Every structure is written in C-alpha cells, then in structure tokens.
Amino acid sequence: MNIDLNIIEKYNVPVPRYTSYPPANHFTDEITSGDFLELISASNSWEPQHMAFYVHIPFCKKICFYCGCNACRLNGTQEVRDYLEALKKEIIHVAGQLDRSRKVTQLHFGGGTPNAIPAEMLAEITALFNREFTFSDDAEIAIETNPATLDLPYMEKLVSAGFNRFSFGIQDFNEEVLKMVNREPSAIPVPELVKLVKSLNDRAAVNLDFIYGLPGQSPESFSSSMEKAAEADPDRLVTFSYAHVPWLKKHQQILEKRGLPGPEEKTRMFLAGYDVLTAVGYEPVGLDHFVKREDELFRALEQKKLHRNFQGYCTRETTGQVYAFGVSAISQLEKAYVQNTKEIEKYTTEIGHGRLPVEKGKYLSDDQLMIREVITRLMCNKQLEWKTIADELGTGEETLKQLVGFDPGKFSEMEKDNLLEVSCEGLHVTERGSMMIRNIAAALDPAYKQQVNKYSKSV
Ligand SMILES: C[S@@+](CC[C@H](N)C(=O)[O-])C[C@H]1O[C@@H](n2cnc3c(N)ncnc32)[C@H](O)[C@@H]1O
Ligand code: SF4
C-alpha cells in the first residue's frame, strides 16, 4: 500500500480510538453502584441476549515503558490473594442479578498480565464462572499473556482450565528494541509456542501482539519482525500503533529520551508490516488486525457484520452484553458503560462492604445509541449504507444523517485525498483511508472536539 506523506501530516491530529462510543473520557459519576445493579437486572432482557465476561488482572512483574494499560507492579502474594477474593465476591454479586438461562459466549482475561499470577488462581476463576453459568459449546475463553515467563507446565494448566485463545505479547522480535522498553523476549521461541498451543488443544487459537512506533524500530526492522511473525503461523496478528499518552502514563516519557520515531517513519513501519502480512495471505481486519482467510473475523468482515468491544474485534455472535470484573474494568451494556475504580485498595474495600466498586460510567441516550451504531459500523466494516442502518434502527435516513452531522461538503477534502468515496447510498472507505479511519469517524461524531492531550494522534 502507498500513502502520500503530506496526507499523514495533514491528518495526524489527536482523535479518539473509538473502542467505545462515546469514548471513555466522556464517562462521568452519573452511574452509582446501586444504578449498576439495576442496569444489570434490566440487561437480562436486552439484545444481544448472550453474555460476555471480562476479568482484569492488573499485575505485572515489571512495567514496560510504552505501556498504556491499567497495570501495576506485583507487590506480593497477599495482595494477589486479597484481590482474587474480592474478584470472586464481585462475580458472585453480579451473577445474583443475571438470568442464568442466558449463555456465555466469551470470557476474556486481560491486564496487566494475567499470567503474572499462578495458573491455579486463574483456574479458580474459570471454575467459578463454570459453576455459575452455562457456556455455549463454542465459547471463546481467552487470555492475554506476556510470554517472557511462560513455560510448559503453566501452559498445560491454562489449557486444562479451559482457555482456548491465547494472545502472546511479542511487541517486537528485535531484542535491542525490547531492552529499550524494559521488556524481555518470549521464554519459549515463538514458533514453538504457537505449536505448543496447538499440540495441547488443536482447536485453540493464537494471537500475536506487536507494537510499531517504538524507539529503535525502523520500517526495515519491523518488516523483518513481521516476516518472523508470519513464519510462526499464528491465527491472528495484531500490529498496534504505539499510543503515546505521557500525560496519562508518566513512564512513557522515558521513551521520548530514547528517541520515538516520527509519524512518517511510523507510517512506513505500518505499511511495511501490512505488505509482508498481506503478501503471505493474512487479511487486514479493522484498524490493526491481520487474520487468516478462514477466520470468523474475516467472514464477518465480508458479510459486513464485524463488531468490536473493548477486548478487540468480534462478531455479534461471540459478544453480547459485556459484564466486566476487577479494577478499571468496563462493563459494556447495550444502554450504558460502567467502569470500576482503578485503585486496588478502594476496589477490595468497596467489595468488602458489599458494594459494586463503580467509579464512573455513561448512560446512552437514544441518539447516542444510533451514533454509536454508525461509528462502530464505519470503524469495523469500513463502509456505511444509510438505508440499511436506518432500517435496522427503525429510523429514517435523513434523521440518521442529521444525528451524525453528515454533510457531503464536510467530506469533499477527504474524498479529494482519496480516503473515501461518498455516494447517495453511503460512505466507502478506501484502502488508503483505512489508515485514517479514526479521522473519518471523528467527522461523524458530534461530540468530537479536537482536544490536544486528550487523545493520542491518529498515526
Ligand atoms: C494488556 S497487554 C498484553 C498482555 C501482557 N501484559 C503483555 O504485555 O504481553 C495488551 C497489549 O496492549 C498493547 N499495548 C500496551 N500499551 C500500548 C500502547 N501504549 N500503545 C499501543 N499498544 C499498547 C501491547 O501490544 C500489549 O500486548
Ligand atoms: S505491556 Fe503488558 S507486561 Fe508490559 S506493563 Fe503493560 S500490561 Fe504489563
């Protein structure tokens, strides 16, 4: 893929990532613990009926300098034990409000680093979910891991605990780059790790996570990392654009001293990776995923039914209402988002008092529900058909266009820059435009104000 560097300069402004709509910085204290309980009960009758669960394990053995996640250093086993006890109480509390006839289609452990704690503890949590709920036959039980500390016995325990999708945070194969960001390579060579998963469960799937835009990386080095990544033959590859938000994550300032690549260099890295992965048969999906042709995400994209939640891309079938547990975890219900406190001590104290540890959230108005649909569809499927969406939402095309402030004139510049095609039926994002899709979504977001230092830049 080719892209003009003037285009990058022109569109490289802070824009939301749109992992949710409205983005998480719009959450307020309007939702309390009591409100959340009511929302959970009400959600039993909302569509989609399926339940998805997210469990946040915030601990890491050490902190990577680029990290933008809600993570903290592991202080000792007592802290982990206390956290786990609180987590179980929270799950039981929420389970009490849920209709058990609803099926679970997704259980996702993220972090932090879930594998920073003993596998037996993770197994206790999966066992609790199994006791409380019924899982669909093809439920996805996923875990994000740092492979620097993974070994065979640990992997065996994860597979026996039911995990069937493994994300390994590789970030880069270049050890000089890893050193600069305070990280170690995979303990088991990555191709062997992928084979190991398949040998333990031939239906289990593997994702490999990478980041481009780190100090020490170049388009050539990233391209060679992508060649190695493809040789390992994972089911999915993710190439995250490094999100630099030092006003939120102070440790990222260290990377400024080590020399961060500029937007032009960063774009070349993405394009180099894109060319390598697509040449060997991976299909680009969403902003940053590459999957095999037979992957359900690619099938969903072909049918224009790709969807996403905070955990990543999914299909409408694999996700549903998402109930989230643990510090900083965000529940994503049809009509509201609710986020837990980010502080471990506050979290365990609140749970100890029998309260759900809600910190903030957002009720979605009917208008926002419709805007969310437009933005999510655009971000996932790279096109919009006004009539299809309006019909599904039970509204008129003109009402929908007005809600998102659609005016063809607003897009003429983007059209001229070959980022999209506008027709009477809708919008179609070009291959070039898919790199700037956050900017296109922002143009359809009435709540978007260009606030420097609120969002990372689009490149
Ligand atoms: C919770 S971490 C994954 C699990 C594990 N802690 C690890 O690091 O391997 C999720 C992924 O987010 C990505 N990530 C973290 N910070 C990022 C940032 N500032 N910009 C872009 N991607 C980031 C990394 O690729 C990481 O693998
Ligand atoms: S990238 Fe992963 S291991 Fe590194 S600090 Fe963040 S959550 Fe922890």
# chains A, B, ... in the order shown; residues from 1 in each chain; ligands from 1

$ residues_near_ligand --ligand "ligand 2" --cutoff "9 Å" --atoms "only C-alpha atoms and all ligand atoms" --output "ChimeraX atom specification"
/A:58-73,110-114,116,144-146,169,171,181-183

$ write_last_selection --atoms "N, CA and C atoms" --output "PDB file, in the first residue's frame"
ATOM      1  N   PRO A  58      -4.564  -6.876  37.085  1.00  0.00           N
ATOM      2  CA  PRO A  58      -3.735  -5.688  36.814  1.00  0.00           C
ATOM      3  C   PRO A  58      -2.226  -5.905  36.988  1.00  0.00           C
ATOM      4  N   PHE A  59      -1.847  -7.047  37.564  1.00  0.00           N
ATOM      5  CA  PHE A  59      -0.448  -7.195  37.990  1.00  0.00           C
ATOM      6  C   PHE A  59       0.511  -7.509  36.832  1.00  0.00           C
ATOM      7  N   CYS A  60       1.735  -6.973  36.968  1.00  0.00           N
ATOM      8  CA  CYS A  60       2.818  -7.304  36.036  1.00  0.00           C
ATOM      9  C   CYS A  60       4.091  -7.453  36.859  1.00  0.00           C
ATOM     10  N   LYS A  61       5.009  -8.307  36.373  1.00  0.00           N
ATOM     11  CA  LYS A  61       6.272  -8.484  37.117  1.00  0.00           C
ATOM     12  C   LYS A  61       7.065  -7.183  37.055  1.00  0.00           C
ATOM     13  N   LYS A  62       7.069  -6.517  35.894  1.00  0.00           N
ATOM     14  CA  LYS A  62       7.651  -5.175  35.797  1.00  0.00           C
ATOM     15  C   LYS A  62       6.889  -4.394  34.723  1.00  0.00           C
ATOM     16  N   ILE A  63       7.103  -3.094  34.720  1.00  0.00           N
ATOM     17  CA  ILE A  63       6.293  -2.254  33.820  1.00  0.00           C
ATOM     18  C   ILE A  63       7.089  -1.884  32.560  1.00  0.00           C
ATOM     19  N   CYS A  64       6.501  -2.150  31.412  1.00  0.00           N
ATOM     20  CA  CYS A  64       7.125  -1.793  30.134  1.00  0.00           C
ATOM     21  C   CYS A  64       6.941  -0.284  29.930  1.00  0.00           C
ATOM     22  N   PHE A  65       7.966   0.382  29.419  1.00  0.00           N
ATOM     23  CA  PHE A  65       7.908   1.848  29.354  1.00  0.00           C
ATOM     24  C   PHE A  65       6.845   2.377  28.388  1.00  0.00           C
ATOM     25  N   TYR A  66       6.420   1.561  27.424  1.00  0.00           N
ATOM     26  CA  TYR A  66       5.421   2.035  26.464  1.00  0.00           C
ATOM     27  C   TYR A  66       3.992   1.822  26.980  1.00  0.00           C
ATOM     28  N   CYS A  67       3.862   1.086  28.088  1.00  0.00           N
ATOM     29  CA  CYS A  67       2.544   0.549  28.448  1.00  0.00           C
ATOM     30  C   CYS A  67       1.476   1.619  28.668  1.00  0.00           C
ATOM     31  N   GLY A  68       0.333   1.406  28.038  1.00  0.00           N
ATOM     32  CA  GLY A  68      -0.798   2.315  28.191  1.00  0.00           C
ATOM     33  C   GLY A  68      -1.943   1.629  28.922  1.00  0.00           C
ATOM     34  N   CYS A  69      -1.691   0.403  29.412  1.00  0.00           N
ATOM     35  CA  CYS A  69      -2.789  -0.367  30.036  1.00  0.00           C
ATOM     36  C   CYS A  69      -2.926  -0.012  31.519  1.00  0.00           C
ATOM     37  N   ASN A  70      -4.004  -0.476  32.141  1.00  0.00           N
ATOM     38  CA  ASN A  70      -4.160  -0.297  33.584  1.00  0.00           C
ATOM     39  C   ASN A  70      -3.410  -1.425  34.272  1.00  0.00           C
ATOM     40  N   ALA A  71      -2.137  -1.175  34.543  1.00  0.00           N
ATOM     41  CA  ALA A  71      -1.254  -2.222  35.069  1.00  0.00           C
ATOM     42  C   ALA A  71      -0.467  -1.681  36.248  1.00  0.00           C
ATOM     43  N   CYS A  72      -0.080  -2.593  37.167  1.00  0.00           N
ATOM     44  CA  CYS A  72       0.766  -2.163  38.282  1.00  0.00           C
ATOM     45  C   CYS A  72       1.735  -3.285  38.636  1.00  0.00           C
ATOM     46  N   ARG A  73       2.790  -2.920  39.348  1.00  0.00           N
ATOM     47  CA  ARG A  73       3.781  -3.948  39.702  1.00  0.00           C
ATOM     48  C   ARG A  73       3.233  -4.852  40.795  1.00  0.00           C
ATOM     49  N   GLY A 110      -7.817 -10.154  30.783  1.00  0.00           N
ATOM     50  CA  GLY A 110      -6.851  -9.184  30.265  1.00  0.00           C
ATOM     51  C   GLY A 110      -6.129  -8.499  31.406  1.00  0.00           C
ATOM     52  N   GLY A 111      -5.256  -7.577  31.035  1.00  0.00           N
ATOM     53  CA  GLY A 111      -4.498  -6.953  32.116  1.00  0.00           C
ATOM     54  C   GLY A 111      -3.861  -5.649  31.704  1.00  0.00           C
ATOM     55  N   GLY A 112      -2.788  -5.333  32.436  1.00  0.00           N
ATOM     56  CA  GLY A 112      -1.914  -6.171  33.200  1.00  0.00           C
ATOM     57  C   GLY A 112      -1.534  -7.478  32.507  1.00  0.00           C
ATOM     58  N   THR A 113      -1.083  -8.365  33.349  1.00  0.00           N
ATOM     59  CA  THR A 113      -0.613  -9.652  32.852  1.00  0.00           C
ATOM     60  C   THR A 113      -1.270 -10.781  33.643  1.00  0.00           C
ATOM     61  N   PRO A 114      -2.327 -11.378  33.101  1.00  0.00           N
ATOM     62  CA  PRO A 114      -2.972 -12.467  33.841  1.00  0.00           C
ATOM     63  C   PRO A 114      -1.985 -13.572  34.237  1.00  0.00           C
ATOM     64  N   ALA A 116       0.871 -13.268  35.313  1.00  0.00           N
ATOM     65  CA  ALA A 116       1.792 -12.861  36.387  1.00  0.00           C
ATOM     66  C   ALA A 116       1.383 -13.549  37.696  1.00  0.00           C
ATOM     67  N   GLU A 144      -4.793 -12.873  27.779  1.00  0.00           N
ATOM     68  CA  GLU A 144      -3.653 -12.088  27.294  1.00  0.00           C
ATOM     69  C   GLU A 144      -2.454 -12.476  28.156  1.00  0.00           C
ATOM     70  N   THR A 145      -1.343 -12.772  27.533  1.00  0.00           N
ATOM     71  CA  THR A 145      -0.178 -13.208  28.319  1.00  0.00           C
ATOM     72  C   THR A 145       1.097 -12.501  27.875  1.00  0.00           C
ATOM     73  N   ASN A 146       2.025 -12.411  28.825  1.00  0.00           N
ATOM     74  CA  ASN A 146       3.386 -11.989  28.492  1.00  0.00           C
ATOM     75  C   ASN A 146       4.213 -13.271  28.419  1.00  0.00           C
ATOM     76  N   GLY A 169       1.969 -11.358  23.968  1.00  0.00           N
ATOM     77  CA  GLY A 169       2.513 -10.021  23.710  1.00  0.00           C
ATOM     78  C   GLY A 169       3.967 -10.144  23.290  1.00  0.00           C
ATOM     79  N   GLN A 171       5.468  -7.920  20.832  1.00  0.00           N
ATOM     80  CA  GLN A 171       5.813  -6.497  20.625  1.00  0.00           C
ATOM     81  C   GLN A 171       6.860  -6.314  19.537  1.00  0.00           C
ATOM     82  N   VAL A 181      12.584  -0.798  25.926  1.00  0.00           N
ATOM     83  CA  VAL A 181      11.257  -0.569  26.522  1.00  0.00           C
ATOM     84  C   VAL A 181      11.067  -1.382  27.806  1.00  0.00           C
ATOM     85  N   ASN A 182      12.184  -1.911  28.342  1.00  0.00           N
ATOM     86  CA  ASN A 182      12.150  -2.629  29.627  1.00  0.00           C
ATOM     87  C   ASN A 182      11.372  -3.948  29.557  1.00  0.00           C
ATOM     88  N   ARG A 183      11.676  -4.724  28.511  1.00  0.00           N
ATOM     89  CA  ARG A 183      10.924  -5.954  28.301  1.00  0.00           C
ATOM     90  C   ARG A 183      11.832  -7.099  27.859  1.00  0.00           C
TER      91      ARG A 183
END

$ select_by_dssp --residues "range 19-190 of chain A" --states "alpha helix (DSSP H)" --output "count of residues only"
60

$ residues_around --residues "range 357-362 of chain A" --least-positions-apart "4" --cutoff "7 Å" --atoms "only C-alpha atoms" --output "VMD selection string"
chain A and resid 27 to 33 336 to 341 347 350 to 351

$ select_by_dssp --residues "range 107-206 of chain A" --states "strand (DSSP E or B)" --output "PDB file with C-alpha atoms, in the first residue's frame"
ATOM      1  CA  LEU A 107     -14.737 -15.000  28.751  1.00  0.00           C
ATOM      2  CA  HIS A 108     -11.685 -12.806  28.390  1.00  0.00           C
ATOM      3  CA  PHE A 109      -8.840 -12.346  30.889  1.00  0.00           C
ATOM      4  CA  GLY A 110      -6.851  -9.184  30.265  1.00  0.00           C
ATOM      5  CA  GLY A 111      -4.498  -6.953  32.116  1.00  0.00           C
ATOM      6  CA  THR A 134     -23.775 -22.149  31.138  1.00  0.00           C
ATOM      7  CA  PHE A 135     -21.284 -21.635  28.343  1.00  0.00           C
ATOM      8  CA  SER A 136     -22.190 -22.049  24.677  1.00  0.00           C
ATOM      9  CA  ASP A 137     -20.435 -25.016  23.003  1.00  0.00           C
ATOM     10  CA  ASP A 138     -18.099 -22.782  21.035  1.00  0.00           C
ATOM     11  CA  ALA A 139     -17.472 -20.183  23.767  1.00  0.00           C
ATOM     12  CA  GLU A 140     -14.174 -18.336  23.468  1.00  0.00           C
ATOM     13  CA  ILE A 141     -12.099 -18.388  26.661  1.00  0.00           C
ATOM     14  CA  ALA A 142      -9.255 -16.016  26.017  1.00  0.00           C
ATOM     15  CA  ILE A 143      -6.204 -14.835  27.920  1.00  0.00           C
ATOM     16  CA  GLU A 144      -3.653 -12.088  27.294  1.00  0.00           C
ATOM     17  CA  THR A 145      -0.178 -13.208  28.319  1.00  0.00           C
ATOM     18  CA  ARG A 165      -7.482 -18.451  22.742  1.00  0.00           C
ATOM     19  CA  PHE A 166      -4.035 -17.221  23.702  1.00  0.00           C
ATOM     20  CA  SER A 167      -2.696 -13.735  22.994  1.00  0.00           C
ATOM     21  CA  PHE A 168       1.035 -13.514  23.339  1.00  0.00           C
ATOM     22  CA  GLY A 169       2.513 -10.021  23.710  1.00  0.00           C
ATOM     23  CA  ILE A 170       5.597 -10.236  21.498  1.00  0.00           C
ATOM     24  CA  GLN A 171       5.813  -6.497  20.625  1.00  0.00           C
ATOM     25  CA  ALA A 205      -6.229 -20.239  18.631  1.00  0.00           C
ATOM     26  CA  VAL A 206      -3.194 -17.984  18.867  1.00  0.00           C
TER      27      VAL A 206
END

$ residues_around --residues "range 363-378 of chain A" --least-positions-apart "2" --cutoff "7 Å" --atoms "only C-alpha atoms" --output "JSON, numbers by chain"
{"A": [21, 335, 336, 337, 361, 380, 381, 382, 383, 384, 403, 404, 441]}

$ residues_around --residues "range 280-293 of chain A" --least-positions-apart "6" --cutoff "7 Å" --atoms "only C-alpha atoms" --output "JSON, numbers by chain"
{"A": [235, 236, 237, 238, 239, 240, 379, 380]}
